[in-house]
Amino acid sequence: MNNKEKRFLIIADLFVFALLIYPIFLGGIVGGYDPGFHMARIQTLASSLASGHFPNPIGFEYLDKFGYGIGFFYGNFFIYPFAVIKLLGASTFQAYVLYLITFVFLNIISINYVVHKIFNNTWATILSAPIYLSSYYFVGVIYFRAAAGELTAFAIIPWIFLSVFKIIHEHDNYWVMLGVSCSLLLVSHILSFLITLGTVLLFFVMNLALIFKHKNIFLSFLKGGLLFLGLSSVFLFSFVEQYLTQKYVSTAVDKTGKYLVFVNSDWLPNHLFDSIQFVSINGTFLVLLLIFSFIYYLIKGKGFHFSDRIIPQSFIIIIIYGSLLLSSILLHLVVSVFKPLILLQVMTRVNVVMLPLLTFVVANALGEIIGKMPKFKIPVTTILIAILAIITINFPIKNNLAIVSQKKAPIPQLSVSMGEYEPNAFMNYNNENNFKLNTRFLEKHENYSVMKNDHRQVNVDIDSDQAGKTIMLPRLYYKGYHVKLHYRGKSITNPVTSRNGFVATKLPDNFKSGTISVTYRLTKMARIGWVISLLSLAFLIWYLFKRKNELTASD
């Protein structure tokens, strides 16, 4: 890429970046249903850091200071920098806006780098960001749905595909990228990770013959997988432990108990086959470019003869996932065979992998065509970018701003979104009591007074005879809570149980009056996860330095 082309790339990237973020400053993000959820994550994490409570995956302020263990299930890794920014004086809203702007920028850098490394085509690289960021789905993730987790995932997933493609082409050193990028994806958005993991397995299966022939490919996948498990243990161990501790509210079903993945698909007028949903998530122009690219590759290869596995296999993945958007009947059939698919809530989530693959095949096709032009390369590319900007990006943005203009309600504070991972027993108990559960309710119901309630502990004072009673305490139940009784001049550790989703403990038969303190400490499994992750990180740093020295010596 010469200097003129580099300058053009920078201009194109800055143009797309400015176009994507300008609605933020017009109030665009209040149109989403989840900004309060992600702002609360920043706010509660900053609050925990300010109190010196680290690491703590439990948001203390949630649910009237009952504590919501969102950090067990929705990784805080990428939230920490913005929590620190809030601690330095920024408002929660400003920190959240900076989060969005940062990851829009990182998406541009990510797709540019990955497309360049895969295809080594200047014009494909220049077009990659305008294509990637112009999808209706991508715009909707930022503004309409405010799905910050998926926005983060979009910046990471291309790196996973790059490492997979390179490993399949026997670039053995890419196992490091595979392990690191998979770890980062897991701690940013679990559903996107599961979709991507399924996609990586599909690529693995499609290349089984090659993998059996070249054992180094299998070893690279194995090493990448082990590195992923090692680095992500700090999150994965706690996630599994807490997920198995109790049942949580299912966001995969609606109020009638019907799977949302069907509810969100059954509106299609033709349940056998309909293109509405597939076209609507990416925009007509991008879909037309995808069809054009498919025809181009067929003509170029004189049929299904591709010189590279990346293009045909990417098309196969797009067709597989796209079929689940096009056919409600097929979706029902697949769910009957693989029920965990209902966890996606809506099938359009598969676009987290379809969009990067669509960008690869379209950008490369257009890049090859433009690259072969004897002249007018920049004017043709400029026209393409302008069309993507005017038609594909501007339309959903203007639609969102129109919706926002009619929305008067403020962004909700400490939102729990759809209630993901909220203890089911707590929700049922709250429902039975007309959603009036708060600290005052527990004080009255359990006959005690809350003397202290902060990030580190909650203390309650009991001055009535409740000997032998199992008492609910003002903390949602997660493993790691410890209860101490202070009475008759002594302190004892008491067993912790769960009742109606709360931390509970059975008072001794000789307990007449005294105080109870509840504190949270990392579980044994969590501590093991920290040790494994730190050792894996140390190994990674040692390996990278070792490899760097080897490359320097060989030069």
# chains A, B, ... in the order shown; residues from 1 in each chain; ligands from 1
>>> residues_around(residues="Ile70 in chain A", least_positions_apart="3", cutoff="7 Å", atoms="only C-alpha atoms", output="MDAnalysis selection string")
chainID A and resid 57:59 73:74
>>> residues_around(residues="range 347-361 of chain A", least_positions_apart="2", cutoff="7 Å", atoms="only C-alpha atoms", output="MDAnalysis selection string")
chainID A and resid 115 128 131:132 154 158 192 195:196 261 290 293 311 314 318 321 325 344:345 363:365
>>> write_last_selection(atoms="C-alpha atoms", output="JSON list (two decimals), in the first residue's frame")
[["chain", "number", "residue", "atom", "x", "y", "z"],
["A", 115, "VAL", "CA", -8.90, -8.05, 5.89],
["A", 128, "SER", "CA", -13.68, -3.26, 4.69],
["A", 131, "ILE", "CA", -18.94, -2.49, 4.53],
["A", 132, "TYR", "CA", -18.54, -3.80, 8.08],
["A", 154, "PHE", "CA", -17.67, -7.27, 16.66],
["A", 158, "PRO", "CA", -12.57, -10.95, 13.02],
["A", 192, "SER", "CA", -21.47, -14.07, 20.84],
["A", 195, "ILE", "CA", -22.09, -18.49, 18.30],
["A", 196, "THR", "CA", -18.47, -17.95, 17.28],
["A", 261, "VAL", "CA", -36.45, -17.29, 19.24],
["A", 290, "LEU", "CA", -23.20, -10.29, -1.37],
["A", 293, "SER", "CA", -19.77, -11.19, -5.03],
["A", 311, "ILE", "CA", -14.26, -17.79, 0.27],
["A", 314, "SER", "CA", -17.43, -18.40, 4.36],
["A", 318, "ILE", "CA", -23.48, -17.54, 5.67],
["A", 321, "TYR", "CA", -26.98, -19.27, 9.44],
["A", 325, "LEU", "CA", -33.34, -16.40, 9.37],
["A", 344, "LEU", "CA", -30.07, -16.69, 21.54],
["A", 345, "GLN", "CA", -33.57, -15.23, 22.13],
["A", 363, "ALA", "CA", -14.55, -6.62, 0.30],
["A", 364, "ASN", "CA", -12.24, -9.11, -1.41],
["A", 365, "ALA", "CA", -14.44, -9.36, -4.52]]
>>> select_by_dssp(residues="range 389-535 of chain A", states="strand (DSSP E)", output="PyMOL selection string")
chain A and resi 449-453+457-462+470-476+481-487+490-494+497-499+502-506+514-520
>>> write_last_selection(atoms="C-alpha atoms", output="mmCIF file, in the first residue's frame")
data_model
loop_
_atom_site.group_PDB
_atom_site.id
_atom_site.type_symbol
_atom_site.label_atom_id
_atom_site.label_comp_id
_atom_site.auth_asym_id
_atom_site.auth_seq_id
_atom_site.Cartn_x
_atom_site.Cartn_y
_atom_site.Cartn_z
ATOM 1 C CA SER A 449 -32.659 -3.681 61.874
ATOM 2 C CA VAL A 450 -29.983 -3.081 59.234
ATOM 3 C CA MET A 451 -27.156 -1.238 61.000
ATOM 4 C CA LYS A 452 -24.630 -1.132 58.179
ATOM 5 C CA ASN A 453 -24.866 -1.876 54.461
ATOM 6 C CA GLN A 457 -20.612 -6.118 54.378
ATOM 7 C CA VAL A 458 -24.105 -5.846 55.742
ATOM 8 C CA ASN A 459 -24.755 -5.923 59.490
ATOM 9 C CA VAL A 460 -28.163 -6.552 61.012
ATOM 10 C CA ASP A 461 -29.170 -6.245 64.641
ATOM 11 C CA ILE A 462 -31.659 -8.621 66.241
ATOM 12 C CA THR A 470 -33.928 -19.472 59.365
ATOM 13 C CA ILE A 471 -33.592 -15.791 58.584
ATOM 14 C CA MET A 472 -33.260 -14.076 55.190
ATOM 15 C CA LEU A 473 -30.525 -11.437 54.948
ATOM 16 C CA PRO A 474 -30.337 -8.477 52.514
ATOM 17 C CA ARG A 475 -28.068 -10.094 49.918
ATOM 18 C CA LEU A 476 -29.001 -12.106 46.831
ATOM 19 C CA TYR A 481 -20.992 -15.144 51.067
ATOM 20 C CA HIS A 482 -20.026 -15.788 54.715
ATOM 21 C CA VAL A 483 -22.245 -15.240 57.735
ATOM 22 C CA LYS A 484 -20.952 -14.469 61.223
ATOM 23 C CA LEU A 485 -23.059 -14.333 64.374
ATOM 24 C CA HIS A 486 -22.054 -12.047 67.235
ATOM 25 C CA TYR A 487 -23.883 -12.858 70.470
ATOM 26 C CA LYS A 490 -18.531 -14.429 71.041
ATOM 27 C CA SER A 491 -18.388 -14.604 67.244
ATOM 28 C CA ILE A 492 -19.097 -17.755 65.282
ATOM 29 C CA THR A 493 -19.256 -18.558 61.575
ATOM 30 C CA ASN A 494 -22.666 -19.897 60.659
ATOM 31 C CA THR A 497 -28.165 -21.375 52.902
ATOM 32 C CA SER A 498 -30.537 -19.876 50.348
ATOM 33 C CA ARG A 499 -34.159 -18.909 50.894
ATOM 34 C CA PHE A 502 -31.593 -14.462 49.479
ATOM 35 C CA VAL A 503 -28.606 -15.383 51.596
ATOM 36 C CA ALA A 504 -30.091 -17.110 54.642
ATOM 37 C CA THR A 505 -28.836 -18.694 57.830
ATOM 38 C CA LYS A 506 -30.392 -20.762 60.637
ATOM 39 C CA GLY A 514 -27.129 -10.084 68.760
ATOM 40 C CA THR A 515 -25.832 -9.044 65.355
ATOM 41 C CA ILE A 516 -25.249 -10.833 62.082
ATOM 42 C CA SER A 517 -22.646 -9.781 59.502
ATOM 43 C CA VAL A 518 -22.568 -10.915 55.883
ATOM 44 C CA THR A 519 -19.394 -10.556 53.811
ATOM 45 C CA TYR A 520 -18.353 -11.756 50.369
#
>>> closest_residue(among="A:Phe193, A:Asn76, A:Arg309, A:Pro423", to="Ile118 in chain A", atoms="only C-alpha atoms")
A:Arg309
>>> select_by_dssp(residues="range 147-392 of chain A", states="helix (DSSP H, G or I)", output="number ranges by chain")
A: 148-168, 172-186, 190-206, 208-213, 215-243, 260-263, 276-282, 284-300, 310-326, 328-337, 339-344, 347-371, 377-392
>>> residues_around(residues="range 107-113 of chain A", least_positions_apart="6", cutoff="12 Å", atoms="only C-alpha atoms", output="PyMOL selection string")
chain A and resi 6+9-10+12-18+20+100-101+119-134+138+150-162+181+355-360+363-364
>>> atom_distance(atom1="CA of Gly257 in chain A", atom2="CA of Leu343 in chain A")
13.4 Å
>>> residues_around(residues="range 535-538 of chain A", least_positions_apart="4", cutoff="10 Å", atoms="only C-alpha atoms", output="PyMOL selection string")
chain A and resi 180+226-233+529-531+542-543
>>> atom_distance(atom1="CA of Val141 in chain A", atom2="CA of Phe165 in chain A")
26.5 Å
>>> residues_around(residues="Val240 in chain A", least_positions_apart="3", cutoff="10 Å", atoms="only C-alpha atoms", output="ChimeraX atom specification")
/A:72-73,235-237,243-245,525
>>> write_last_selection(atoms="N, CA and C atoms", output="compact mmCIF listing (two decimals), in the first residue's frame")
# COMPACT_ATOMS: atom_id res chain seq x y z
N PHE A 72 -20.41 -12.14 37.37
CA PHE A 72 -20.15 -13.57 37.22
C PHE A 72 -20.46 -14.04 35.80
N PHE A 73 -21.40 -13.36 35.17
CA PHE A 73 -21.94 -13.84 33.89
C PHE A 73 -21.68 -12.89 32.72
N PHE A 235 -12.46 -16.08 34.71
CA PHE A 235 -13.89 -15.83 34.49
C PHE A 235 -14.68 -17.12 34.41
N LEU A 236 -14.13 -18.10 33.72
CA LEU A 236 -14.86 -19.33 33.42
C LEU A 236 -15.18 -20.14 34.67
N PHE A 237 -14.25 -20.24 35.59
CA PHE A 237 -14.48 -21.04 36.80
C PHE A 237 -15.64 -20.47 37.62
N TYR A 243 -23.30 -20.40 37.99
CA TYR A 243 -24.42 -20.79 37.13
C TYR A 243 -25.08 -22.07 37.64
N LEU A 244 -24.28 -22.96 38.22
CA LEU A 244 -24.80 -24.22 38.73
C LEU A 244 -25.33 -24.10 40.15
N THR A 245 -25.13 -22.95 40.79
CA THR A 245 -25.53 -22.76 42.18
C THR A 245 -27.05 -22.73 42.35
N MET A 525 -12.92 -22.01 44.11
CA MET A 525 -12.87 -22.17 42.65
C MET A 525 -12.42 -20.88 41.97
>>> closest_residue(among="A:Leu437, A:Ile29, A:Ile329, A:Leu401", to="Phe66 in chain A", atoms="only C-alpha atoms")
A:Leu437
>>> residues_around(residues="Leu26 in chain A", least_positions_apart="6", cutoff="12 Å", atoms="only C-alpha atoms", output="PyMOL selection string")
chain A and resi 20+97+143+397-398+400-402+404-405
>>> closest_residue(among="A:Leu522, A:Leu208, A:Ile393, A:Ala40", to="Tyr96 in chain A", atoms="only C-alpha atoms")
A:Ala40
>>> closest_residue(among="A:Gly198, A:Ser163, A:Pro379, A:Thr92", to="Val114 in chain A", atoms="only C-alpha atoms")
A:Ser163
>>> closest_residue(among="A:Asn424, A:Thr102, A:Asn216, A:Asn3", to="Ser250 in chain A", atoms="only C-alpha atoms")
A:Asn424
>>> atom_distance(atom1="CA of Lys524 in chain A", atom2="CA of Gly75 in chain A")
19.0 Å
>>> closest_residue(among="A:Asn399, A:Gln94, A:Gln242, A:Asn438", to="Pro35 in chain A", atoms="only C-alpha atoms")
A:Gln94
>>> decode(residues="range 401-524 of chain A", atoms="C-alpha atoms", output="compact mmCIF listing (two decimals), in the first residue's frame")
# COMPACT_ATOMS: atom_id res chain seq x y z
CA LEU A 401 -33.31 9.39 15.75
CA ALA A 402 -36.97 9.63 14.78
CA ILE A 403 -37.82 7.04 17.43
CA VAL A 404 -35.67 8.85 20.00
CA SER A 405 -37.43 12.16 19.33
CA GLN A 406 -40.68 10.57 20.51
CA LYS A 407 -39.15 9.01 23.61
CA LYS A 408 -39.42 11.21 26.68
CA ALA A 409 -38.47 8.76 29.42
CA PRO A 410 -34.97 9.08 30.93
CA ILE A 411 -32.43 6.29 30.75
CA PRO A 412 -33.25 3.86 33.61
CA GLN A 413 -30.78 3.75 36.47
CA LEU A 414 -29.26 0.43 37.61
CA SER A 415 -31.21 -1.47 34.99
CA VAL A 416 -30.96 -5.26 34.95
CA SER A 417 -32.01 -5.36 31.29
CA MET A 418 -34.25 -8.39 30.72
CA GLY A 419 -33.23 -9.84 34.09
CA GLU A 420 -30.45 -12.06 32.78
CA TYR A 421 -29.09 -14.24 35.55
CA GLU A 422 -31.42 -12.81 38.17
CA PRO A 423 -32.14 -15.57 40.73
CA ASN A 424 -35.42 -17.24 39.80
CA ALA A 425 -36.42 -17.80 43.44
CA PHE A 426 -35.95 -14.09 44.16
CA MET A 427 -38.04 -13.09 41.15
CA ASN A 428 -40.86 -15.44 42.19
CA TYR A 429 -40.79 -14.16 45.78
CA ASN A 430 -40.74 -10.57 44.53
CA ASN A 431 -43.71 -11.30 42.31
CA GLU A 432 -45.62 -12.86 45.22
CA ASN A 433 -45.09 -9.64 47.18
CA ASN A 434 -46.14 -7.31 44.34
CA PHE A 435 -42.52 -6.34 43.55
CA LYS A 436 -42.17 -4.48 46.84
CA LEU A 437 -39.03 -6.25 48.05
CA ASN A 438 -36.47 -3.88 49.49
CA THR A 439 -34.35 -3.58 52.63
CA ARG A 440 -37.22 -2.09 54.63
CA PHE A 441 -39.45 -5.02 53.61
CA LEU A 442 -36.89 -7.53 54.91
CA GLU A 443 -36.36 -5.58 58.13
CA LYS A 444 -40.08 -5.72 58.87
CA HIS A 445 -40.64 -9.28 57.63
CA GLU A 446 -37.59 -10.80 59.36
CA ASN A 447 -37.81 -8.58 62.43
CA TYR A 448 -34.33 -7.04 62.49
CA SER A 449 -32.66 -3.68 61.87
CA VAL A 450 -29.98 -3.08 59.23
CA MET A 451 -27.16 -1.24 61.00
CA LYS A 452 -24.63 -1.13 58.18
CA ASN A 453 -24.87 -1.88 54.46
CA ASP A 454 -21.96 -1.14 52.12
CA HIS A 455 -19.80 -2.84 49.50
CA ARG A 456 -17.89 -4.87 52.08
CA GLN A 457 -20.61 -6.12 54.38
CA VAL A 458 -24.10 -5.85 55.74
CA ASN A 459 -24.76 -5.92 59.49
CA VAL A 460 -28.16 -6.55 61.01
CA ASP A 461 -29.17 -6.25 64.64
CA ILE A 462 -31.66 -8.62 66.24
CA ASP A 463 -33.09 -7.72 69.62
CA SER A 464 -35.94 -10.24 69.76
CA ASP A 465 -36.01 -13.96 70.44
CA GLN A 466 -35.72 -15.71 67.05
CA ALA A 467 -33.83 -18.78 68.21
CA GLY A 468 -33.83 -21.63 65.68
CA LYS A 469 -35.34 -19.51 62.92
CA THR A 470 -33.93 -19.47 59.37
CA ILE A 471 -33.59 -15.79 58.58
CA MET A 472 -33.26 -14.08 55.19
CA LEU A 473 -30.53 -11.44 54.95
CA PRO A 474 -30.34 -8.48 52.51
CA ARG A 475 -28.07 -10.09 49.92
CA LEU A 476 -29.00 -12.11 46.83
CA TYR A 477 -27.59 -15.59 47.14
CA TYR A 478 -24.32 -16.42 45.38
CA LYS A 479 -21.51 -18.67 46.49
CA GLY A 480 -18.85 -16.75 48.39
CA TYR A 481 -20.99 -15.14 51.07
CA HIS A 482 -20.03 -15.79 54.71
CA VAL A 483 -22.24 -15.24 57.73
CA LYS A 484 -20.95 -14.47 61.22
CA LEU A 485 -23.06 -14.33 64.37
CA HIS A 486 -22.05 -12.05 67.24
CA TYR A 487 -23.88 -12.86 70.47
CA ARG A 488 -23.18 -13.65 74.11
CA GLY A 489 -19.73 -12.07 73.77
CA LYS A 490 -18.53 -14.43 71.04
CA SER A 491 -18.39 -14.60 67.24
CA ILE A 492 -19.10 -17.76 65.28
CA THR A 493 -19.26 -18.56 61.58
CA ASN A 494 -22.67 -19.90 60.66
CA PRO A 495 -23.63 -22.07 57.67
CA VAL A 496 -25.04 -20.18 54.68
CA THR A 497 -28.16 -21.37 52.90
CA SER A 498 -30.54 -19.88 50.35
CA ARG A 499 -34.16 -18.91 50.89
CA ASN A 500 -36.30 -17.16 48.28
CA GLY A 501 -33.13 -16.20 46.44
CA PHE A 502 -31.59 -14.46 49.48
CA VAL A 503 -28.61 -15.38 51.60
CA ALA A 504 -30.09 -17.11 54.64
CA THR A 505 -28.84 -18.69 57.83
CA LYS A 506 -30.39 -20.76 60.64
CA LEU A 507 -29.98 -19.14 64.04
CA PRO A 508 -28.75 -21.35 66.92
CA ASP A 509 -31.28 -22.55 69.46
CA ASN A 510 -29.65 -20.42 72.16
CA PHE A 511 -29.65 -17.23 70.07
CA LYS A 512 -31.73 -14.55 71.81
CA SER A 513 -30.27 -11.29 70.50
CA GLY A 514 -27.13 -10.08 68.76
CA THR A 515 -25.83 -9.04 65.35
CA ILE A 516 -25.25 -10.83 62.08
CA SER A 517 -22.65 -9.78 59.50
CA VAL A 518 -22.57 -10.92 55.88
CA THR A 519 -19.39 -10.56 53.81
CA TYR A 520 -18.35 -11.76 50.37
CA ARG A 521 -15.04 -13.46 49.60
CA LEU A 522 -13.80 -15.18 46.47
CA THR A 523 -14.62 -18.87 46.50
CA LYS A 524 -11.95 -21.56 46.30
